[in-house]
Structure formats: structure tokens, C-alpha cells
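final.tsv (TSV, C-alpha atoms and all ligand atoms) appears below.
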```tsv
chain	number	residue	atom	x	y	z
A	1	MET	CA	38.92	37.75	-22.31
A	2	ARG	CA	37.33	39.83	-19.62
A	3	PHE	CA	34.26	40.37	-21.79
A	4	ILE	CA	33.91	36.65	-22.39
A	5	ALA	CA	34.19	35.95	-18.67
A	6	LEU	CA	31.46	38.46	-17.97
A	7	ALA	CA	29.27	37.03	-20.69
A	8	LEU	CA	29.77	33.52	-19.30
A	9	GLY	CA	28.99	34.84	-15.81
A	10	ALA	CA	25.77	36.29	-17.13
A	11	LEU	CA	24.91	32.96	-18.73
A	12	PHE	CA	25.44	31.14	-15.45
A	13	LEU	CA	23.38	33.76	-13.66
A	14	PHE	CA	20.48	33.32	-16.08
A	15	GLY	CA	20.96	29.60	-15.86
A	16	SER	CA	20.54	29.59	-12.11
A	17	ILE	CA	17.47	31.82	-12.31
A	18	ALA	CA	15.93	29.41	-14.80
A	19	SER	CA	16.63	26.37	-12.61
A	20	ALA	CA	15.12	28.10	-9.58
A	21	LYS	CA	11.93	28.40	-11.63
A	22	ASP	CA	11.96	24.65	-12.34
A	23	LYS	CA	9.56	22.55	-10.31
A	24	ASP	CA	10.58	21.68	-6.78
A	25	SER	CA	11.12	17.92	-6.84
A	26	ARG	CA	13.18	17.46	-3.68
A	27	PRO	CA	12.60	14.23	-1.76
A	28	TYR	CA	10.08	14.61	1.06
A	29	GLN	CA	11.71	14.00	4.44
A	30	GLY	CA	9.01	14.94	6.94
A	31	PRO	CA	6.77	12.61	8.95
A	32	ILE	CA	5.18	9.75	7.01
A	33	ILE	CA	1.95	7.75	7.34
A	34	ASP	CA	2.07	4.13	6.11
A	35	VAL	CA	-1.56	3.03	5.70
A	36	HIS	CA	-0.78	-0.58	4.83
A	37	LEU	CA	1.35	-2.51	7.32
A	38	HIS	CA	1.01	-6.10	8.49
A	39	ALA	CA	2.10	-7.74	11.71
A	40	TYR	CA	2.96	-11.09	10.18
A	41	PRO	CA	5.33	-13.81	11.32
A	42	ALA	CA	8.67	-14.38	9.60
A	43	ASP	CA	7.23	-17.43	7.83
A	44	GLY	CA	4.05	-15.64	6.76
A	45	ASN	CA	5.05	-16.12	3.12
A	46	GLY	CA	6.76	-19.50	3.30
A	47	PRO	CA	9.70	-20.84	5.30
A	48	ALA	CA	11.88	-18.11	6.83
A	49	PRO	CA	14.13	-16.48	6.02
A	50	ASN	CA	13.10	-15.61	2.50
A	51	ALA	CA	13.42	-12.68	0.14
A	52	VAL	CA	11.66	-11.10	-2.82
A	53	CYS	CA	12.74	-9.25	-5.94
A	54	PRO	CA	11.11	-5.99	-7.06
A	55	GLY	CA	9.27	-6.65	-10.33
A	56	VAL	CA	8.47	-10.11	-8.93
A	57	ALA	CA	6.26	-11.27	-11.81
A	58	ALA	CA	8.49	-10.17	-14.67
A	59	ASN	CA	10.31	-12.69	-16.87
A	60	LEU	CA	9.44	-15.77	-14.87
A	61	GLU	CA	10.03	-18.16	-17.76
A	62	TYR	CA	7.60	-20.49	-16.05
A	63	ASP	CA	6.85	-24.03	-17.23
A	64	PRO	CA	3.73	-25.43	-15.50
A	65	GLN	CA	5.40	-28.83	-15.17
A	66	THR	CA	6.62	-27.34	-11.90
A	67	PRO	CA	3.70	-26.71	-9.53
A	68	TRP	CA	3.30	-22.97	-9.02
A	69	PRO	CA	3.74	-23.02	-5.20
A	70	ALA	CA	7.09	-24.75	-5.69
A	71	LYS	CA	8.14	-22.15	-8.25
A	72	MET	CA	7.14	-19.33	-5.89
A	73	GLY	CA	9.03	-20.98	-3.06
A	74	ALA	CA	12.14	-21.23	-5.19
A	75	LEU	CA	11.87	-17.56	-6.21
A	76	MET	CA	11.87	-16.61	-2.54
A	77	THR	CA	14.59	-18.91	-1.24
A	78	ASP	CA	16.84	-18.13	-4.21
A	79	PRO	CA	15.68	-14.71	-5.46
A	80	PRO	CA	16.80	-14.11	-9.06
A	81	CYS	CA	17.99	-10.51	-8.65
A	82	ASP	CA	20.93	-8.56	-7.26
A	83	ASP	CA	18.94	-6.49	-4.79
A	84	PRO	CA	16.23	-8.63	-3.15
A	85	ILE	CA	14.25	-7.33	-0.19
A	86	LEU	CA	15.26	-9.59	2.68
A	87	GLY	CA	12.99	-11.06	5.30
A	88	PRO	CA	14.48	-11.95	8.70
A	89	ALA	CA	14.46	-15.40	10.29
A	90	THR	CA	12.36	-14.72	13.39
A	91	ASP	CA	9.06	-13.02	14.25
A	92	GLU	CA	10.82	-10.75	16.74
A	93	GLU	CA	13.18	-9.51	14.05
A	94	VAL	CA	10.28	-8.75	11.70
A	95	ARG	CA	8.70	-6.66	14.44
A	96	ASP	CA	11.89	-4.96	15.62
A	97	GLU	CA	13.25	-4.19	12.15
A	98	THR	CA	9.87	-2.76	11.13
A	99	ILE	CA	9.80	-0.55	14.21
A	100	ALA	CA	13.42	0.55	13.69
A	101	ILE	CA	12.67	1.64	10.11
A	102	MET	CA	9.53	3.43	11.25
A	103	LYS	CA	11.47	5.36	13.85
A	104	LYS	CA	14.26	6.16	11.40
A	105	TYR	CA	11.79	7.68	8.91
A	106	ASN	CA	9.34	9.09	11.49
A	107	ILE	CA	6.50	6.86	10.31
A	108	LYS	CA	3.15	6.06	11.88
A	109	GLY	CA	1.03	3.37	10.34
A	110	VAL	CA	-2.13	1.33	10.14
A	111	LEU	CA	-1.30	-2.20	11.25
A	112	SER	CA	-3.33	-5.28	10.44
A	113	GLY	CA	-2.85	-8.90	11.33
A	114	PRO	CA	-3.77	-11.22	14.20
A	115	ALA	CA	-5.07	-9.21	17.18
A	116	ALA	CA	-2.53	-10.61	19.65
A	117	ARG	CA	0.33	-9.75	17.34
A	118	ILE	CA	-0.96	-6.20	16.83
A	119	ALA	CA	-1.15	-5.77	20.60
A	120	ASP	CA	2.43	-7.04	20.92
A	121	TRP	CA	3.72	-4.61	18.28
A	122	GLN	CA	1.79	-1.71	19.83
A	123	ALA	CA	3.30	-2.51	23.22
A	124	ALA	CA	6.78	-2.63	21.69
A	125	ALA	CA	6.34	0.79	20.10
A	126	PRO	CA	3.63	2.86	21.78
A	127	GLY	CA	2.09	5.48	19.52
A	128	LEU	CA	3.41	4.10	16.24
A	129	PHE	CA	0.57	1.83	15.19
A	130	ILE	CA	-3.12	2.46	14.53
A	131	ALA	CA	-4.93	-0.85	15.05
A	132	GLY	CA	-6.46	-2.32	11.93
A	133	ARG	CA	-8.86	-5.26	11.84
A	134	GLU	CA	-8.03	-7.81	9.20
A	135	LEU	CA	-11.04	-9.61	7.78
A	136	SER	CA	-11.51	-12.31	5.19
A	137	LEU	CA	-14.93	-13.87	4.67
A	138	LYS	CA	-15.00	-17.65	4.87
A	139	ARG	CA	-11.57	-17.75	6.56
A	140	ASP	CA	-12.73	-15.67	9.54
A	141	ASP	CA	-15.85	-16.76	11.36
A	142	VAL	CA	-16.98	-13.33	12.53
A	143	SER	CA	-20.36	-11.72	11.93
A	144	ALA	CA	-21.01	-8.07	11.12
A	145	ALA	CA	-22.59	-7.69	14.57
A	146	GLU	CA	-19.42	-9.02	16.18
A	147	ILE	CA	-17.29	-6.61	14.14
A	148	GLU	CA	-19.57	-3.81	15.31
A	149	ALA	CA	-19.13	-4.88	18.94
A	150	GLU	CA	-15.34	-5.06	18.55
A	151	PHE	CA	-15.28	-1.55	17.14
A	152	GLU	CA	-17.49	-0.20	19.89
A	153	ASN	CA	-15.16	-1.80	22.44
A	154	GLY	CA	-12.21	0.04	20.89
A	155	ALA	CA	-10.50	-3.08	19.56
A	156	PHE	CA	-9.65	-1.43	16.23
A	157	GLU	CA	-9.90	1.86	14.36
A	158	VAL	CA	-9.62	0.83	10.72
A	159	LEU	CA	-11.29	-2.16	9.06
A	160	ALA	CA	-8.27	-3.31	7.06
A	161	GLU	CA	-7.06	-5.27	5.40
A	162	VAL	CA	-10.28	-6.75	4.05
A	163	THR	CA	-9.05	-9.62	1.88
A	164	ASN	CA	-12.33	-11.18	0.77
A	165	GLN	CA	-10.95	-11.28	-2.77
A	166	TYR	CA	-8.68	-14.15	-1.74
A	167	ARG	CA	-11.78	-16.25	-1.03
A	168	GLY	CA	-13.67	-15.31	-4.17
A	169	PHE	CA	-15.84	-12.53	-2.71
A	170	LEU	CA	-15.55	-9.41	-4.83
A	171	ALA	CA	-16.34	-5.96	-3.45
A	172	ASP	CA	-20.04	-5.95	-4.29
A	173	ASP	CA	-20.73	-9.51	-3.12
A	174	PRO	CA	-23.94	-9.52	-1.02
A	175	ALA	CA	-22.14	-11.66	1.57
A	176	PHE	CA	-20.38	-8.49	2.76
A	177	ASP	CA	-23.36	-6.13	2.68
A	178	ALA	CA	-23.95	-6.21	6.44
A	179	TYR	CA	-20.27	-5.37	7.12
A	180	TRP	CA	-20.36	-2.40	4.76
A	181	ALA	CA	-23.49	-1.21	6.59
A	182	VAL	CA	-21.69	-1.40	9.96
A	183	ALA	CA	-18.73	0.54	8.57
A	184	ALA	CA	-21.04	3.19	7.15
A	185	GLU	CA	-23.09	3.51	10.33
A	186	HIS	CA	-20.03	3.89	12.57
A	187	ASP	CA	-17.94	5.86	10.06
A	188	ILE	CA	-15.20	3.21	10.13
A	189	PRO	CA	-12.54	3.63	7.42
A	190	VAL	CA	-12.28	0.47	5.33
A	191	GLY	CA	-9.17	-0.71	3.47
A	192	LEU	CA	-10.14	-3.21	0.78
A	193	HIS	CA	-7.71	-5.42	-1.09
A	194	LEU	CA	-8.52	-4.80	-4.76
A	195	GLY	CA	-6.80	-5.45	-8.05
A	196	ILE	CA	-4.38	-8.34	-8.31
A	197	GLY	CA	-2.54	-10.40	-5.68
A	198	PRO	CA	0.67	-12.36	-5.70
A	199	PRO	CA	1.70	-13.74	-9.09
A	200	GLY	CA	-0.16	-16.98	-9.71
A	201	ALA	CA	-2.62	-16.12	-6.92
A	202	PRO	CA	-5.34	-18.54	-8.11
A	203	MET	CA	-2.83	-21.40	-7.86
A	204	LEU	CA	-2.13	-20.40	-4.25
A	205	TYR	CA	-5.69	-19.41	-3.25
A	206	PRO	CA	-8.09	-21.39	-5.46
A	207	ASP	CA	-10.99	-18.94	-5.07
A	208	PHE	CA	-8.91	-15.84	-5.88
A	209	ARG	CA	-10.25	-13.84	-8.81
A	210	VAL	CA	-9.10	-10.56	-10.25
A	211	GLN	CA	-11.32	-7.52	-9.67
A	212	THR	CA	-11.24	-4.02	-11.05
A	213	PRO	CA	-12.09	-0.82	-9.18
A	214	LEU	CA	-15.49	-0.83	-10.91
A	215	ARG	CA	-16.50	-3.51	-8.41
A	216	ILE	CA	-16.66	-0.96	-5.58
A	217	GLU	CA	-19.20	1.24	-7.35
A	218	ALA	CA	-22.39	-0.28	-5.94
A	219	ILE	CA	-21.01	0.06	-2.41
A	220	LEU	CA	-19.94	3.68	-2.77
A	221	ASN	CA	-23.25	4.49	-4.35
A	222	ARG	CA	-25.21	2.84	-1.56
A	223	HIS	CA	-23.14	4.34	1.29
A	224	GLN	CA	-22.18	7.80	0.15
A	225	THR	CA	-20.35	8.91	3.30
A	226	LEU	CA	-18.37	5.67	3.62
A	227	ARG	CA	-14.58	6.09	3.65
A	228	VAL	CA	-12.99	3.35	1.55
A	229	TYR	CA	-9.42	3.07	0.36
A	230	LEU	CA	-8.51	0.57	-2.29
A	231	MET	CA	-5.39	-1.20	-1.13
A	232	HIS	CA	-2.90	-1.71	-3.96
A	233	ALA	CA	-4.78	1.10	-5.78
A	234	GLY	CA	-6.70	-1.37	-7.90
A	235	PHE	CA	-3.50	-1.93	-9.89
A	236	PRO	CA	-3.23	-2.31	-12.86
A	237	PHE	CA	-6.66	-0.95	-13.83
A	238	ALA	CA	-5.77	2.72	-14.23
A	239	ASP	CA	-8.71	3.51	-16.53
A	240	ASP	CA	-11.29	1.95	-14.23
A	241	LEU	CA	-9.66	3.60	-11.22
A	242	LYS	CA	-9.77	7.04	-12.84
A	243	ALA	CA	-13.48	6.56	-13.53
A	244	MET	CA	-14.14	5.65	-9.90
A	245	LEU	CA	-11.98	8.47	-8.48
A	246	TYR	CA	-13.74	10.92	-10.77
A	247	LEU	CA	-17.25	9.80	-9.86
A	248	TYR	CA	-16.64	9.21	-6.14
A	249	PRO	CA	-14.55	11.99	-4.59
A	250	GLN	CA	-14.64	10.19	-1.24
A	251	LEU	CA	-12.62	7.26	-2.62
A	252	TYR	CA	-8.90	6.94	-1.81
A	253	VAL	CA	-6.22	4.40	-2.72
A	254	ASP	CA	-2.91	3.18	-1.31
A	255	THR	CA	0.32	2.23	-3.06
A	256	GLY	CA	0.85	-1.00	-1.11
A	257	VAL	CA	3.05	-3.67	-2.75
A	258	LEU	CA	3.37	-1.81	-6.06
A	259	GLN	CA	7.08	-1.19	-5.31
A	260	LEU	CA	7.44	-4.98	-5.35
A	261	ALA	CA	4.74	-6.30	-7.67
A	262	ALA	CA	5.46	-4.16	-10.70
A	263	PRO	CA	8.68	-3.32	-12.51
A	264	ARG	CA	9.45	0.23	-11.43
A	265	GLU	CA	8.74	1.79	-14.85
A	266	ASP	CA	5.32	0.17	-14.89
A	267	TYR	CA	4.50	1.31	-11.35
A	268	TYR	CA	5.52	4.81	-12.38
A	269	ALA	CA	3.42	4.74	-15.54
A	270	PHE	CA	0.39	3.76	-13.45
A	271	LEU	CA	1.07	6.31	-10.71
A	272	GLU	CA	1.77	9.09	-13.19
A	273	GLU	CA	-1.49	8.42	-14.97
A	274	ILE	CA	-3.48	8.76	-11.75
A	275	VAL	CA	-1.59	11.89	-10.72
A	276	ARG	CA	-1.90	13.42	-14.19
A	277	ALA	CA	-5.66	12.85	-14.00
A	278	GLY	CA	-5.69	15.13	-10.97
A	279	PHE	CA	-6.03	12.55	-8.21
A	280	GLY	CA	-2.69	13.01	-6.46
A	281	ASP	CA	-4.66	14.20	-3.42
A	282	ARG	CA	-6.20	10.75	-2.94
A	283	ILE	CA	-3.16	8.49	-3.17
A	284	MET	CA	-1.79	7.38	0.20
A	285	PHE	CA	1.54	5.71	0.83
A	286	GLY	CA	1.25	2.09	1.85
A	287	SER	CA	4.18	-0.31	1.99
A	288	ASP	CA	2.35	-3.62	2.46
A	289	GLN	CA	5.16	-4.69	4.78
A	290	MET	CA	4.47	-8.39	5.42
A	291	ASN	CA	7.59	-10.24	6.55
A	292	TRP	CA	10.01	-8.00	4.67
A	293	PRO	CA	10.58	-4.76	6.64
A	294	GLY	CA	12.69	-3.38	3.75
A	295	MET	CA	9.43	-3.00	1.81
A	296	ILE	CA	8.90	0.23	3.72
A	297	GLU	CA	12.15	1.87	2.58
A	298	GLU	CA	11.74	0.53	-0.95
A	299	GLY	CA	8.26	2.05	-1.06
A	300	ILE	CA	9.31	5.46	0.27
A	301	GLU	CA	12.24	5.65	-2.13
A	302	ALA	CA	9.96	4.77	-5.05
A	303	ILE	CA	7.80	7.80	-4.26
A	304	ASN	CA	10.71	10.12	-3.56
A	305	ASP	CA	12.56	9.03	-6.73
A	306	ALA	CA	9.51	9.37	-9.01
A	307	PRO	CA	10.71	11.86	-11.64
A	308	PHE	CA	7.23	13.22	-12.36
A	309	LEU	CA	6.24	14.07	-8.77
A	310	THR	CA	6.79	17.49	-7.22
A	311	TYR	CA	7.84	17.90	-3.62
A	312	GLU	CA	4.26	18.83	-2.73
A	313	GLN	CA	2.87	15.73	-4.42
A	314	LYS	CA	5.37	13.52	-2.58
A	315	LYS	CA	4.35	15.16	0.69
A	316	ASP	CA	0.67	14.59	-0.14
A	317	ILE	CA	1.22	10.89	-0.88
A	318	LEU	CA	3.60	10.18	1.98
A	319	HIS	CA	1.69	12.12	4.61
A	320	ASP	CA	-0.99	14.75	4.01
A	321	ASN	CA	-3.58	12.64	2.19
A	322	ALA	CA	-3.68	10.05	4.97
A	323	VAL	CA	-4.06	12.76	7.61
A	324	ARG	CA	-7.13	13.99	5.74
A	325	PHE	CA	-8.60	10.56	4.99
A	326	PHE	CA	-8.22	9.19	8.54
A	327	ARG	CA	-8.88	12.61	10.16
A	328	LEU	CA	-5.67	12.33	12.14
A	329	GLU	CA	-4.54	15.09	14.44
A	330	GLU	CA	-1.04	15.98	13.36
B	1	ZN	ZN	-3.57	-6.67	-0.04
```

Please express what this file holds, its structure, as C-alpha cells.
Amino acid sequence: MRFIALALGALFLFGSIASAKDKDSRPYQGPIIDVHLHAYPADGNGPAPNAVCPGVAANLEYDPQTPWPAKMGALMTDPPCDDPILGPATDEEVRDETIAIMKKYNIKGVLSGPAARIADWQAAAPGLFIAGRELSLKRDDVSAAEIEAEFENGAFEVLAEVTNQYRGFLADDPAFDAYWAVAAEHDIPVGLHLGIGPPGAPMLYPDFRVQTPLRIEAILNRHQTLRVYLMHAGFPFADDLKAMLYLYPQLYVDTGVLQLAAPREDYYAFLEEIVRAGFGDRIMFGSDQMNWPGMIEEGIEAINDAPFLTYEQKKDILHDNAVRFFRLEE
């Protein structure tokens, strides 16, 4: 009996040595940078309050007899899942709940939205928000020279989110050439919406068209010191993204909205492919918080729960890569 106990003890000892050699995949709990936050009103995505289900486009069983906007509205007022991400009823609650989550997780972030709303959020939480400058051609009547003047006056630090895709302007559209030139000249980081959008986007924004990461090539080639991050990581075009990340080592991406847009297994398959290709040092955490502050926690948990990421990779995505990209002093 004694011999067996000793033998078992030895087994446990070896077992614990072996597990100590396993990869360190603890959740990362240090400071976080969220590079994709919006200061939007509670009704920014339809009448408030509303809610969304992770994996929002899966199994919609849609019949186009119902107009798409009505179907989307119904999905958000009566979300078909057990664990929807809830949006509050008022603008103040969107702001205050976002700030509370950011303080809880020690997050700083890049905030885009209407300038007055950004100023309000910054005043409510000094030091938490880096001012972004949202821009959408055709919707916003602002010239490249005016953007340049705003930047020189200190109105913003990051040109994001650039949502030209919603109005049919893809990344290499000549209509944006002068803005790219301003960003390059002043070394302004640019966050560009690229990939897909909400499900049924062209029925909500008639000019919306899909674009793959290949669309950014002409711009990166023309402005080789320009810092661009593809918001939403060009999902779901993993192949095209790997080609761009390989050819253009200055290119970064963020994970914004993927915790909501894709079923979790599909988000993980995409993320794992990019990490496996060796580009884990250029993925930055973005929540794409719009009017659902819980998007931030959902996004952090998705990274921390990813079974294929090491602790170091989680730390890179949730913090270190953004510090490098934005040249933050941490
Ligand atoms: Zn976006």
C-alpha cells in the first residue's frame, strides 16, 4: 500500500511538472486599450432601449416579404437569444455605463462620434478617452483642408472611424485621396471601417458595398509611413488580410464588433488564423461600443476565453499592440 501511495505521489508530482510546462493561458487582467469606441445616443441603432444577440446574423430565417429594416428592428426589440447585450434607455446611461465599465477594467480608449458628445464624455471622465474624428464622405461636408485645420487645432488625435464604405466609397476611391495625404503628412493614425457592416447593410444604407482588405493596398503603397488600422479587421476576409499584413508591416487591425457580428466559433477561427500566421502583434482590441456598453465586456471576455491564445498574446491584443501603434506613453 505504501509503495502504491508513493508511486501515485510520484505520478502527481510529474503531472504537476508537466502542467507547469504547458502554455500560460491565464486571462489578462492588466490595463486595456479599446481602440474602437463610439459616443452614440441610446437610440443610435433604433428606438431605445434595444438589445442585440451575439452571432446576430446567424439563422435569421428571413423572408423578404418583411422589409429588412423592420426585421432588424424586431430583432433588437425582441432579441431571439437568452443572453442579449442590453442597451440603456437614455444617452446619459450609455455614457455612464460605458465609463463605469472602463473604470472597472482599467480601460482607455479611442472615442469617435459627434464632437460635442465626445467633449461631454471626456469631461465626464478626464483621461479615459482619446478623441477620434468620425468621417463619412457624402454624409459629412468637410474638406481635407478643414480636417487638417481641425487636427492642427488639437480637435482630435485619431481619424476614426472613417465610414466611407457606408456611402459607397471604398478605401482606394480617389474621392478620399486628399484626406489620406493629410493623414500621411501629419502622421495621423487612421481607423478605417473595412469588411462587412450590419447584416443586410445595403438594405439599410443603399450605397453600402462589401470591401476586402485588398482595397487598402494602393493607399499603403502610396503612403508608406501612414498608420492605418482596419476596423473590424476586414472580417471575414482572412486570406486577403493575411496578404496585406504580410506585405505591409505597418498595417494593424482591430477586433471591433466581431464579438457580436460572428458566432463565437467563427470569430475564433478567423482570429486564430491571423494569429497562427504570425500577426498577433498587429491585432488591437476594439469593442465597437455603440449604444450597448456591454459590448466592451463581451469583447474582452472573448479574447480572454480564446482557447488558442497565450497570456502574452492576450496582453498584446488587449494592450501592448495599441501602445505601439498609437505611440502611447504607458
Ligand atoms: Zn465600423

Each chain A residue no farther than 12 Å from ligand ZN 1 (chain B), nearest pair in Å, all atoms listed in the file, as a tab-separated table:
```
residue	atom	partner	partner_atom	distance
A:Val35	CA	B:ZN1	ZN	11.4
A:His36	CA	B:ZN1	ZN	8.3
A:Leu37	CA	B:ZN1	ZN	9.8
A:His38	CA	B:ZN1	ZN	9.7
A:Ser112	CA	B:ZN1	ZN	10.6
A:Gly113	CA	B:ZN1	ZN	11.6
A:Glu134	CA	B:ZN1	ZN	10.3
A:Leu135	CA	B:ZN1	ZN	11.2
A:Ser136	CA	B:ZN1	ZN	11.1
A:Ala160	CA	B:ZN1	ZN	9.2
A:Glu161	CA	B:ZN1	ZN	6.6
A:Val162	CA	B:ZN1	ZN	7.9
A:Thr163	CA	B:ZN1	ZN	6.5
A:Asn164	CA	B:ZN1	ZN	9.9
A:Gln165	CA	B:ZN1	ZN	9.1
A:Tyr166	CA	B:ZN1	ZN	9.2
A:Gly191	CA	B:ZN1	ZN	8.9
A:Leu192	CA	B:ZN1	ZN	7.5
A:His193	CA	B:ZN1	ZN	4.5
A:Leu194	CA	B:ZN1	ZN	7.1
A:Gly195	CA	B:ZN1	ZN	8.7
A:Ile196	CA	B:ZN1	ZN	8.5
A:Gly197	CA	B:ZN1	ZN	6.8
A:Pro198	CA	B:ZN1	ZN	9.1
A:Ala201	CA	B:ZN1	ZN	11.7
A:Tyr229	CA	B:ZN1	ZN	11.4
A:Leu230	CA	B:ZN1	ZN	9.0
A:Met231	CA	B:ZN1	ZN	5.9
A:His232	CA	B:ZN1	ZN	6.4
A:Ala233	CA	B:ZN1	ZN	9.7
A:Gly234	CA	B:ZN1	ZN	10.0
A:Phe235	CA	B:ZN1	ZN	10.9
A:Val253	CA	B:ZN1	ZN	11.7
A:Asp254	CA	B:ZN1	ZN	10.0
A:Thr255	CA	B:ZN1	ZN	10.2
A:Gly256	CA	B:ZN1	ZN	7.3
A:Val257	CA	B:ZN1	ZN	7.8
A:Leu258	CA	B:ZN1	ZN	10.4
A:Ala261	CA	B:ZN1	ZN	11.3
A:Gly286	CA	B:ZN1	ZN	10.2
A:Ser287	CA	B:ZN1	ZN	10.2
A:Asp288	CA	B:ZN1	ZN	7.1
A:Gln289	CA	B:ZN1	ZN	10.2
A:Met290	CA	B:ZN1	ZN	9.9
```

Original post:
At a cut-off of 10 Å from (7.7, 13.6, 7.1) in the coordinates of the file, what residues are picked up using all atoms listed in the file, written as a PyMOL selection string?
Top reply: chain A and resi 28-33+105-107+314-315+318-320

Would you give me, as CSV, each residue of region 167-257 of chain A having an atom within 8 Å of an atom of region 269-281 of chain A, along with its shortest atom pair and that distance in Å to one decimal, using all atoms listed in the file and sorting by chain and residue number?
```
residue,atom,partner,partner_atom,distance
A:Phe235,CA,A:Phe270,CA,7.8
A:Pro236,CA,A:Phe270,CA,7.1
A:Ala238,CA,A:Phe270,CA,6.3
A:Lys242,CA,A:Ile274,CA,6.6
A:Leu245,CA,A:Phe279,CA,7.2
```

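You can rank A:Asp120, A:Glu185, A:Asp172, A:Asp140 by their closest distance to Glu152 (chain A) using all atoms listed in the file, and at the top of that list sits A:Glu185.
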
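The space separating CA of Leu137 (chain A) from CA of Arg209 (chain A) comes to 14.3 Å.
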
Could you give me, as an mmCIF file with C-alpha atoms, keeping the file's coordinate frame, the residues within 6 Å of Pro213 (chain A), counting all atoms listed in the file and dropping anything in the same chain fewer than 3 positions from it?
```cif
data_model
loop_
_atom_site.group_PDB
_atom_site.id
_atom_site.type_symbol
_atom_site.label_atom_id
_atom_site.label_comp_id
_atom_site.auth_asym_id
_atom_site.auth_seq_id
_atom_site.Cartn_x
_atom_site.Cartn_y
_atom_site.Cartn_z
ATOM 1 C CA ILE A 216 -16.660 -0.960 -5.580
ATOM 2 C CA GLY A 234 -6.700 -1.370 -7.900
ATOM 3 C CA ASP A 240 -11.290 1.950 -14.230
ATOM 4 C CA LEU A 241 -9.660 3.600 -11.220
#
```

Original post:
Could you work out how far CA of Gln250 (chain A) lies from CA of Gly127 (chain A), giving the answer in Å with one decimal?
Top reply: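 Between CA of Gly127 (chain A) and CA of Gln250 (chain A) the gap is 27.1 Å.
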
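Residue nearest Ile99 (chain A) within the list A:Leu111, A:Ile283, A:Leu220, A:Met76: A:Leu111 [criterion: smallest interatomic distance, all atoms listed in the file].
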
Would you mind writing region 250-261 of chain A with N, CA and C atoms, as a PDB file, in the coordinates of the input?
```
ATOM      1  N   GLN A 250     -14.979  10.693  -2.585  1.00  0.00           N
ATOM      2  CA  GLN A 250     -14.640  10.190  -1.240  1.00  0.00           C
ATOM      3  C   GLN A 250     -13.707   8.992  -1.293  1.00  0.00           C
ATOM      4  N   LEU A 251     -13.433   8.472  -2.481  1.00  0.00           N
ATOM      5  CA  LEU A 251     -12.620   7.260  -2.620  1.00  0.00           C
ATOM      6  C   LEU A 251     -11.123   7.582  -2.632  1.00  0.00           C
ATOM      7  N   TYR A 252     -10.350   6.806  -1.849  1.00  0.00           N
ATOM      8  CA  TYR A 252      -8.900   6.940  -1.810  1.00  0.00           C
ATOM      9  C   TYR A 252      -8.254   5.597  -2.200  1.00  0.00           C
ATOM     10  N   VAL A 253      -6.956   5.630  -2.417  1.00  0.00           N
ATOM     11  CA  VAL A 253      -6.220   4.400  -2.720  1.00  0.00           C
ATOM     12  C   VAL A 253      -4.900   4.393  -1.950  1.00  0.00           C
ATOM     13  N   ASP A 254      -4.290   3.217  -1.821  1.00  0.00           N
ATOM     14  CA  ASP A 254      -2.910   3.180  -1.310  1.00  0.00           C
ATOM     15  C   ASP A 254      -1.993   2.478  -2.315  1.00  0.00           C
ATOM     16  N   THR A 255      -0.697   2.709  -2.106  1.00  0.00           N
ATOM     17  CA  THR A 255       0.320   2.230  -3.060  1.00  0.00           C
ATOM     18  C   THR A 255       0.907   0.877  -2.654  1.00  0.00           C
ATOM     19  N   GLY A 256       0.276   0.209  -1.690  1.00  0.00           N
ATOM     20  CA  GLY A 256       0.850  -1.000  -1.110  1.00  0.00           C
ATOM     21  C   GLY A 256       1.250  -2.045  -2.149  1.00  0.00           C
ATOM     22  N   VAL A 257       2.417  -2.568  -2.002  1.00  0.00           N
ATOM     23  CA  VAL A 257       3.050  -3.670  -2.750  1.00  0.00           C
ATOM     24  C   VAL A 257       3.443  -3.305  -4.186  1.00  0.00           C
ATOM     25  N   LEU A 258       3.052  -2.123  -4.663  1.00  0.00           N
ATOM     26  CA  LEU A 258       3.370  -1.810  -6.060  1.00  0.00           C
ATOM     27  C   LEU A 258       4.879  -1.671  -6.269  1.00  0.00           C
ATOM     28  N   GLN A 259       5.613  -1.294  -5.213  1.00  0.00           N
ATOM     29  CA  GLN A 259       7.080  -1.190  -5.310  1.00  0.00           C
ATOM     30  C   GLN A 259       7.720  -2.564  -5.495  1.00  0.00           C
ATOM     31  N   LEU A 260       6.943  -3.606  -5.202  1.00  0.00           N
ATOM     32  CA  LEU A 260       7.440  -4.980  -5.350  1.00  0.00           C
ATOM     33  C   LEU A 260       6.797  -5.684  -6.539  1.00  0.00           C
ATOM     34  N   ALA A 261       5.487  -5.501  -6.691  1.00  0.00           N
ATOM     35  CA  ALA A 261       4.740  -6.300  -7.670  1.00  0.00           C
ATOM     36  C   ALA A 261       5.063  -5.910  -9.103  1.00  0.00           C
TER      37      ALA A 261
END
```
